[in-house]
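**Student:** Structure provided below as structure tokens; questions to follow.
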Amino acid sequence: MTTEFAAPPVINPTAEEAYWREAFRREPWYRSEYGYEDYDPAFRVGYTGPMRREGEFDQLERELKNDFDRVRGRSRLRWEEAREATRAAWRRVKKNEHPH
């Protein structure tokens, strides 16, 4: 009996950063008082998360919050404000993992 493990998605951080820098203002969770530099740590946690952690976003939210708190730097976002940006970046990478 063999067990198959899904390989973590391969991402291009430069491409993800470029995508989010251009797209973030069109997202429903975007708040105009924050700039890209505020959202960037949330995006990075989201698009690198599936490479670093196995499971679903909701199961891993505590760990992802801790990741955000560690890398947030000068971002003015709290996790409550960053959560949906992180989730969006996570979903984008997971969706691109199995393109049809």
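Residue numbering restarts at 1 for every chain of the structure tokens, chains are lettered A, B, ... in their displayed order, and ligands are numbered from 1 as they appear.
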Would you pick out the contacts of region 63-79 of chain A at 10 Å or less, using only C-alpha atoms, so that residues sharing its chain but fewer than 4 positions from it are not included, and give the list as a PyMOL selection string?

**Tutor:** chain A and resi 33-46+49+53+57-59+83-87

**Student:** Do you have the CA of Thr14 (chain A)-CA of Pro50 (chain A) distance handy?

**Tutor:**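 Those two atoms sit 16.3 Å apart.
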
**Student:** Can you list, as JSON, numbers by chain, every protein, DNA or RNA residue that comes within 7 Å of Tyr47 (chain A) when you count only C-alpha atoms, leaving out same-chain residues fewer than 6 positions away?

**Tutor:** {"A": [89, 90, 93]}

**Student:** Put those residues in a file: N, CA and C atoms, as a PDB file, in the first residue's frame.

**Tutor:**
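Here's the written file part32.pdb:
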```
ATOM      1  N   ALA A  89      -4.201  35.487  -0.579  1.00  0.00           N
ATOM      2  CA  ALA A  89      -2.924  35.055  -1.157  1.00  0.00           C
ATOM      3  C   ALA A  89      -2.772  33.536  -1.051  1.00  0.00           C
ATOM      4  N   TRP A  90      -3.229  32.970   0.060  1.00  0.00           N
ATOM      5  CA  TRP A  90      -3.209  31.508   0.257  1.00  0.00           C
ATOM      6  C   TRP A  90      -4.054  30.824  -0.821  1.00  0.00           C
ATOM      7  N   VAL A  93      -2.534  30.837  -4.412  1.00  0.00           N
ATOM      8  CA  VAL A  93      -1.478  29.834  -4.596  1.00  0.00           C
ATOM      9  C   VAL A  93      -2.085  28.435  -4.660  1.00  0.00           C
TER      10      VAL A  93
END
```

**Student:** Please extract the residues of chain A with a backbone DSSP assignment of helix (DSSP H, G or I) and present them as a ChimeraX atom specification.

**Tutor:** /A:13-26,36-52,57-71,79-97
